[in-house]
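Q: Next up, my_file-v3.cif (mmCIF, C-alpha atoms, pLDDT in the B column; chains and numbers go by the auth columns).
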data_data
loop_
_atom_site.group_PDB
_atom_site.id
_atom_site.type_symbol
_atom_site.label_atom_id
_atom_site.label_comp_id
_atom_site.label_asym_id
_atom_site.label_seq_id
_atom_site.Cartn_x
_atom_site.Cartn_y
_atom_site.Cartn_z
_atom_site.B_iso_or_equiv
_atom_site.auth_seq_id
_atom_site.auth_asym_id
ATOM 1 C CA ARG A 1 95.862 98.831 79.715 43.00 98 A
ATOM 2 C CA ASN A 2 92.784 97.796 77.830 44.00 99 A
ATOM 3 C CA ARG A 3 89.274 97.073 78.996 44.00 100 A
ATOM 4 C CA THR A 4 88.221 93.736 77.527 48.00 101 A
ATOM 5 C CA GLY A 5 84.596 93.323 78.452 50.00 102 A
ATOM 6 C CA ASP A 6 81.622 95.178 79.794 53.00 103 A
ATOM 7 C CA GLY A 7 82.600 95.268 83.485 54.00 104 A
ATOM 8 C CA PHE A 8 85.531 96.533 85.515 54.00 105 A
ATOM 9 C CA ILE A 9 87.961 93.878 84.295 62.00 106 A
ATOM 10 C CA GLY A 10 90.878 95.150 82.247 73.00 107 A
ATOM 11 C CA LYS A 11 93.905 93.515 80.664 74.00 108 A
ATOM 12 C CA LEU A 12 97.455 94.891 80.789 77.00 109 A
ATOM 13 C CA TRP A 13 99.649 95.027 77.681 75.00 110 A
ATOM 14 C CA THR A 14 103.195 96.117 76.932 77.00 111 A
ATOM 15 C CA VAL A 15 104.635 97.676 73.803 82.00 112 A
ATOM 16 C CA GLY A 16 108.250 98.574 73.082 80.00 113 A
ATOM 17 C CA ALA A 17 109.465 102.173 73.324 83.00 114 A
ATOM 18 C CA GLN A 18 109.954 102.198 69.549 86.00 115 A
ATOM 19 C CA GLY A 19 106.445 100.842 68.933 87.00 116 A
ATOM 20 C CA GLY A 20 105.551 97.500 67.440 87.00 117 A
ATOM 21 C CA GLU A 21 103.207 94.737 68.416 88.00 118 A
ATOM 22 C CA SER A 22 101.563 94.859 71.849 85.00 119 A
ATOM 23 C CA ILE A 23 102.034 91.845 74.112 77.00 120 A
ATOM 24 C CA ALA A 24 99.607 90.866 76.878 75.00 121 A
ATOM 25 C CA VAL A 25 101.074 90.824 80.398 76.00 122 A
ATOM 26 C CA ASP A 26 100.738 87.350 81.909 70.00 123 A
ATOM 27 C CA LEU A 27 98.119 88.403 84.485 70.00 124 A
ATOM 28 C CA PRO A 28 94.418 87.542 84.348 69.00 125 A
ATOM 29 C CA GLU A 29 93.380 91.180 84.925 78.00 126 A
ATOM 30 C CA GLY A 30 94.814 94.613 85.575 73.00 127 A
ATOM 31 C CA GLY A 31 94.132 98.316 85.738 73.00 128 A
ATOM 32 C CA PHE A 32 96.243 101.189 87.054 82.00 129 A
ATOM 33 C CA CYS A 33 99.881 100.130 87.159 81.00 130 A
ATOM 34 C CA SER A 34 103.506 101.221 87.485 84.00 131 A
ATOM 35 C CA TRP A 35 106.759 99.363 86.750 88.00 132 A
ATOM 36 C CA SER A 36 109.597 99.261 89.274 95.00 133 A
ATOM 37 C CA PRO A 37 112.589 101.431 88.260 94.00 134 A
ATOM 38 C CA ASP A 38 114.506 98.330 87.065 94.00 135 A
ATOM 39 C CA GLY A 39 111.472 97.138 85.049 88.00 136 A
ATOM 40 C CA LYS A 40 111.399 93.725 86.770 94.00 137 A
ATOM 41 C CA LYS A 41 108.282 94.151 88.918 94.00 138 A
ATOM 42 C CA LEU A 42 104.873 95.677 88.397 91.00 139 A
ATOM 43 C CA ALA A 43 102.686 97.388 91.021 92.00 140 A
ATOM 44 C CA TYR A 44 99.080 97.260 89.866 88.00 141 A
ATOM 45 C CA ASN A 45 95.391 97.265 90.712 83.00 142 A
ATOM 46 C CA ARG A 46 93.357 94.245 89.700 78.00 143 A
ATOM 47 C CA THR A 47 90.342 96.190 88.499 74.00 144 A
ATOM 48 C CA MET A 48 90.281 99.164 86.180 65.00 145 A
ATOM 49 C CA ARG A 49 88.273 101.908 87.792 64.00 146 A
ATOM 50 C CA GLU A 50 88.374 104.705 90.336 62.00 147 A
ATOM 51 C CA PHE A 51 85.284 104.527 92.558 60.00 148 A
ATOM 52 C CA ARG A 52 84.974 108.269 93.234 61.00 149 A
ATOM 53 C CA THR A 53 81.196 107.963 92.951 63.00 150 A
ATOM 54 C CA TRP A 54 81.207 105.144 95.526 68.00 151 A
ATOM 55 C CA LYS A 55 82.724 107.216 98.315 71.00 152 A
ATOM 56 C CA TYR A 56 83.766 105.140 101.355 72.00 153 A
ATOM 57 C CA TYR A 57 83.052 101.857 99.547 72.00 154 A
ATOM 58 C CA ARG A 58 84.427 98.913 101.549 75.00 155 A
ATOM 59 C CA GLY A 59 83.002 95.932 99.672 73.00 156 A
ATOM 60 C CA GLY A 60 84.558 93.145 97.644 73.00 157 A
ATOM 61 C CA GLN A 61 85.359 95.398 94.671 74.00 158 A
ATOM 62 C CA ALA A 62 87.551 97.754 96.763 79.00 159 A
ATOM 63 C CA ASP A 63 91.016 97.448 95.241 86.00 160 A
ATOM 64 C CA ASP A 64 94.453 96.849 96.737 89.00 161 A
ATOM 65 C CA ILE A 65 97.965 97.363 95.409 93.00 162 A
ATOM 66 C CA TRP A 66 99.539 94.136 94.180 88.00 163 A
ATOM 67 C CA ILE A 67 103.131 93.454 93.095 93.00 164 A
ATOM 68 C CA TRP A 68 103.866 91.006 90.285 87.00 165 A
ATOM 69 C CA ASP A 69 107.439 89.772 89.814 90.00 166 A
ATOM 70 C CA GLY A 70 106.805 87.853 86.597 84.00 167 A
ATOM 71 C CA LYS A 71 105.980 84.639 88.461 89.00 168 A
ATOM 72 C CA SER A 72 103.766 85.414 91.444 89.00 169 A
ATOM 73 C CA VAL A 73 101.661 88.220 92.904 88.00 170 A
ATOM 74 C CA LYS A 74 101.583 89.679 96.397 94.00 171 A
ATOM 75 C CA ASN A 75 98.964 91.960 97.958 92.00 172 A
ATOM 76 C CA VAL A 76 100.951 94.741 99.664 95.00 173 A
ATOM 77 C CA THR A 77 98.121 96.907 101.045 94.00 174 A
ATOM 78 C CA GLU A 78 95.423 94.458 102.249 88.00 175 A
ATOM 79 C CA ASN A 79 93.071 97.196 103.399 89.00 176 A
ATOM 80 C CA PRO A 80 89.261 97.270 103.057 89.00 177 A
ATOM 81 C CA ALA A 81 89.422 100.809 101.574 89.00 178 A
ATOM 82 C CA GLN A 82 90.279 101.836 98.030 89.00 179 A
ATOM 83 C CA ASP A 83 94.074 101.685 97.445 92.00 180 A
ATOM 84 C CA ILE A 84 94.550 102.752 93.844 92.00 181 A
ATOM 85 C CA MET A 85 96.806 104.332 91.214 94.00 182 A
ATOM 86 C CA PRO A 86 100.244 103.002 92.213 96.00 183 A
ATOM 87 C CA MET A 87 103.328 105.058 91.295 97.00 184 A
ATOM 88 C CA TRP A 88 106.667 103.323 91.835 97.00 185 A
ATOM 89 C CA ILE A 89 109.495 105.718 92.778 98.00 186 A
ATOM 90 C CA GLY A 90 112.780 104.199 93.969 97.00 187 A
ATOM 91 C CA ASP A 91 112.006 101.583 96.639 97.00 188 A
ATOM 92 C CA GLU A 92 108.585 103.046 97.367 98.00 189 A
ATOM 93 C CA ILE A 93 105.131 102.690 95.856 98.00 190 A
ATOM 94 C CA PHE A 94 102.927 105.761 96.259 98.00 191 A
ATOM 95 C CA PHE A 95 99.153 105.438 95.865 96.00 192 A
ATOM 96 C CA ILE A 96 95.938 107.170 96.854 95.00 193 A
ATOM 97 C CA SER A 97 93.575 105.723 99.438 94.00 194 A
ATOM 98 C CA ASP A 98 90.358 106.752 101.172 92.00 195 A
ATOM 99 C CA ARG A 99 91.109 104.650 104.257 90.00 196 A
ATOM 100 C CA ASP A 100 90.825 107.831 106.398 89.00 197 A
ATOM 101 C CA LYS A 101 87.614 108.953 104.585 88.00 198 A
ATOM 102 C CA THR A 102 89.391 111.552 102.407 93.00 199 A
ATOM 103 C CA MET A 103 91.466 110.307 99.459 93.00 200 A
ATOM 104 C CA ASN A 104 95.096 111.066 100.382 97.00 201 A
ATOM 105 C CA LEU A 105 98.527 109.987 99.237 98.00 202 A
ATOM 106 C CA PHE A 106 100.071 106.987 100.990 98.00 203 A
ATOM 107 C CA VAL A 107 103.353 105.160 100.433 98.00 204 A
ATOM 108 C CA TYR A 108 104.338 101.504 100.733 97.00 205 A
ATOM 109 C CA ASP A 109 108.040 100.890 101.423 97.00 206 A
ATOM 110 C CA THR A 110 109.098 97.769 99.487 97.00 207 A
ATOM 111 C CA LYS A 111 112.102 97.246 101.805 97.00 208 A
ATOM 112 C CA SER A 112 110.381 97.468 105.218 97.00 209 A
ATOM 113 C CA GLY A 113 106.826 96.500 104.148 96.00 210 A
ATOM 114 C CA LYS A 114 105.409 99.496 106.042 97.00 211 A
ATOM 115 C CA THR A 115 102.698 101.853 104.776 97.00 212 A
ATOM 116 C CA GLU A 116 102.606 105.532 105.713 96.00 213 A
ATOM 117 C CA LYS A 117 100.171 108.391 105.039 97.00 214 A
ATOM 118 C CA VAL A 118 102.101 111.273 103.437 98.00 215 A
ATOM 119 C CA THR A 119 99.442 113.954 102.783 98.00 216 A
ATOM 120 C CA ASN A 120 96.728 115.183 105.122 97.00 217 A
ATOM 121 C CA PHE A 121 93.986 116.768 103.061 97.00 218 A
ATOM 122 C CA SER A 122 90.731 116.714 105.015 95.00 219 A
ATOM 123 C CA GLU A 123 88.211 118.643 102.920 95.00 220 A
ATOM 124 C CA TYR A 124 88.694 117.358 99.348 95.00 221 A
ATOM 125 C CA ASP A 125 90.056 114.155 97.826 94.00 222 A
ATOM 126 C CA ILE A 126 93.291 113.928 95.896 95.00 223 A
ATOM 127 C CA LYS A 127 92.458 113.216 92.251 93.00 224 A
ATOM 128 C CA PHE A 128 94.378 112.114 89.164 93.00 225 A
ATOM 129 C CA PRO A 129 97.884 111.550 90.600 96.00 226 A
ATOM 130 C CA SER A 130 100.646 111.055 88.053 96.00 227 A
ATOM 131 C CA SER A 131 104.387 110.557 88.330 96.00 228 A
ATOM 132 C CA ASN A 132 107.426 110.922 86.099 95.00 229 A
ATOM 133 C CA GLY A 133 109.398 108.567 88.363 93.00 230 A
ATOM 134 C CA LYS A 134 110.744 111.461 90.457 95.00 231 A
ATOM 135 C CA LEU A 135 107.830 113.691 91.449 97.00 232 A
ATOM 136 C CA ILE A 136 104.078 113.270 91.761 98.00 233 A
ATOM 137 C CA VAL A 137 101.525 115.796 90.519 98.00 234 A
ATOM 138 C CA PHE A 138 97.874 115.645 91.572 97.00 235 A
ATOM 139 C CA GLU A 139 94.711 117.745 91.808 97.00 236 A
ATOM 140 C CA ASN A 140 93.028 118.739 95.051 97.00 237 A
ATOM 141 C CA ALA A 141 90.113 121.200 95.349 96.00 238 A
ATOM 142 C CA GLY A 142 90.702 122.406 91.789 95.00 239 A
ATOM 143 C CA TYR A 143 94.381 123.194 92.399 96.00 240 A
ATOM 144 C CA LEU A 144 97.427 121.323 91.131 97.00 241 A
ATOM 145 C CA TYR A 145 100.085 120.186 93.590 98.00 242 A
ATOM 146 C CA LYS A 146 103.627 118.899 93.170 98.00 243 A
ATOM 147 C CA PHE A 147 104.669 116.285 95.740 98.00 244 A
ATOM 148 C CA ASP A 148 108.357 115.583 96.390 98.00 245 A
ATOM 149 C CA PRO A 149 108.824 112.004 97.688 97.00 246 A
ATOM 150 C CA ALA A 150 112.207 112.897 99.235 96.00 247 A
ATOM 151 C CA THR A 151 110.879 115.705 101.434 97.00 248 A
ATOM 152 C CA ARG A 152 107.284 114.404 101.719 97.00 249 A
ATOM 153 C CA LYS A 153 106.146 117.940 100.924 97.00 250 A
ATOM 154 C CA ALA A 154 103.245 118.939 98.650 97.00 251 A
ATOM 155 C CA ASP A 155 103.431 122.439 97.151 97.00 252 A
ATOM 156 C CA LYS A 156 100.621 124.157 95.278 97.00 253 A
ATOM 157 C CA ILE A 157 101.569 124.927 91.674 97.00 254 A
ATOM 158 C CA ASN A 158 100.836 128.557 90.848 94.00 255 A
ATOM 159 C CA ILE A 159 99.493 128.976 87.343 90.00 256 A
ATOM 160 C CA SER A 160 99.219 132.364 85.644 87.00 257 A
ATOM 161 C CA LEU A 161 97.401 132.930 82.386 82.00 258 A
ATOM 162 C CA SER A 162 97.754 136.107 80.370 80.00 259 A
ATOM 163 C CA ALA A 163 94.443 137.379 79.091 77.00 260 A
ATOM 164 C CA GLU A 164 94.076 139.059 75.737 75.00 261 A
ATOM 165 C CA GLY A 165 92.202 141.911 77.403 72.00 262 A
ATOM 166 C CA LEU A 166 89.298 141.804 74.939 68.00 263 A
ATOM 167 C CA TYR A 167 86.968 143.703 77.267 71.00 264 A
ATOM 168 C CA ALA A 168 89.618 146.262 78.287 71.00 265 A
ATOM 169 C CA ARG A 169 90.191 147.530 74.750 69.00 266 A
ATOM 170 C CA PRO A 170 89.025 151.127 74.236 74.00 267 A
ATOM 171 C CA VAL A 171 87.311 150.605 70.871 73.00 268 A
ATOM 172 C CA LYS A 172 85.668 147.678 69.140 70.00 269 A
ATOM 173 C CA MET A 173 86.220 147.875 65.384 71.00 270 A
ATOM 174 C CA HIS A 174 84.813 145.896 62.502 74.00 271 A
ATOM 175 C CA VAL A 175 87.189 145.544 59.583 74.00 272 A
ATOM 176 C CA PHE A 176 85.825 144.896 56.106 74.00 273 A
ATOM 177 C CA VAL A 177 88.088 143.836 53.277 74.00 274 A
ATOM 178 C CA ASP A 178 87.055 144.376 49.673 71.00 275 A
ATOM 179 C CA GLY A 179 87.861 141.351 47.620 60.00 276 A
#
Could you write out this structure as structure tokens?

A:
Amino acid sequence: RNRTGDGFIGKLWTVGAQGGESIAVDLPEGGFCSWSPDGKKLAYNRTMREFRTWKYYRGGQADDIWIWDGKSVKNVTENPAQDIMPMWIGDEIFFISDRDKTMNLFVYDTKSGKTEKVTNFSEYDIKFPSSNGKLIVFENAGYLYKFDPATRKADKINISLSAEGLYARPVKMHVFVDG
């Protein structure tokens, strides 16, 4: 994606896996997006921004998830809240929404047309979701979580860092080398 102006309007582009010239997607605007597994459809937001500083915003700039099939577009969320950052996995499109006041993960089923809430965080918003086409990773309250779309389960990722123990060393030494 590329922002082409001084507002929230962005333009979507494609480039081949081996590189080469970028080609504009035939849509007037676009932001966060995700291709269907077969590469024939695109789930996207029309504007390119995440309104975290406009908590509970319900105005005309609140975004929805749209699907483009190369010819026409369809709004699949039609909700006054923020529905952003689509991630297409199988027949489902996962996205985050603040429709219940706290930004949580929701899913739109492309077969049934139904939307379901799949996480229930109540204190802090989900931030920065990302998918590899199989799993979703996101941040919540400073912790990273891994969400499995098959089980609908979010597990905290435990991260361990080994310290060098600089302050636990018995002696601090200065080494001088004659040159």

Q: Do you know which residues are at most 10 Å from Lys208 in chain A counting only C-alpha atoms, after dropping those on the same chain fewer than 3 positions away, and could you put them as an MDAnalysis selection string?

A: chainID A and resid 188:189 205 211

Q: Using the chain letters and residue numbers of this document, give as a PyMOL selection string the residues selected by the PyMOL selection byres ((chain A and resi 239-255) around 10).

A: chain A and resi 186-187+189+191+202+204+214-217+221+223-228+230-238+256-257

Q: Taking the file as shown, what set of residues would the PyMOL selection byres ((chain A and resi 132-141) around 7) give back, as a compact mmCIF listing (two decimals) with C-alpha atoms, in the frame of the given file?

A:
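Result file result-v1.txt:
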# COMPACT_ATOMS: atom_id res chain seq x y z
CA GLY A 127 94.81 94.61 85.58
CA GLY A 128 94.13 98.32 85.74
CA PHE A 129 96.24 101.19 87.05
CA CYS A 130 99.88 100.13 87.16
CA SER A 131 103.51 101.22 87.48
CA ASN A 142 95.39 97.26 90.71
CA ARG A 143 93.36 94.24 89.70
CA ILE A 162 97.96 97.36 95.41
CA TRP A 163 99.54 94.14 94.18
CA ILE A 164 103.13 93.45 93.10
CA TRP A 165 103.87 91.01 90.28
CA ASP A 166 107.44 89.77 89.81
CA GLY A 167 106.80 87.85 86.60
CA PRO A 183 100.24 103.00 92.21
CA TRP A 185 106.67 103.32 91.84
CA ILE A 186 109.50 105.72 92.78
CA GLY A 187 112.78 104.20 93.97

Q: What does the structure give for the distance between CA of Asp206 in chain A and CA of Gln158 in chain A, in Å to one decimal?

A: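 Pair CA of Asp206 in chain A / CA of Gln158 in chain A returns 24.3 Å.
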
Q: Please evaluate the PyMOL selection byres ((chain A and resi 198) around 9) against the structure above and give the resulting residues as a CSV table (one decimal) with C-alpha atoms, in the coordinates of the input.

A:
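The new file expr11.csv reads:
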chain,number,residue,atom,x,y,z
A,152,LYS,CA,82.7,107.2,98.3
A,153,TYR,CA,83.8,105.1,101.4
A,178,ALA,CA,89.4,100.8,101.6
A,194,SER,CA,93.6,105.7,99.4
A,195,ASP,CA,90.4,106.8,101.2
A,196,ARG,CA,91.1,104.6,104.3
A,197,ASP,CA,90.8,107.8,106.4
A,199,THR,CA,89.4,111.6,102.4
A,200,MET,CA,91.5,110.3,99.5
A,201,ASN,CA,95.1,111.1,100.4
A,219,SER,CA,90.7,116.7,105.0
A,222,ASP,CA,90.1,114.2,97.8

Q: What gap, in Å, lies between CA of Thr212 in chain A and CA of Gly107 in chain A?

A: 26.3 Å

Q: Record the distance separating CA of Ile181 in chain A and CA of Gly157 in chain A, expressed in Å with one decimal.

A: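 Separating CA of Ile181 in chain A from CA of Gly157 in chain A is a distance of 14.4 Å.
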
Q: Rank A:His271, A:Arg155, A:Lys108, A:Asp123 by their smallest atom-to-atom distance to Val170 in chain A, using only C-alpha atoms, and report the top residue only.

A: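 Of A:His271, A:Arg155, A:Lys108, A:Asp123, the one nearest Val170 in chain A is A:Asp123, counting only C-alpha atoms.
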
Q: Pick from A:Val173, A:Glu126, A:Tyr154, A:Ala159: nearest to Gly210 in chain A, with all atoms listed in the file counted?

A: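 Smallest separation from Gly210 in chain A among the options: A:Val173.
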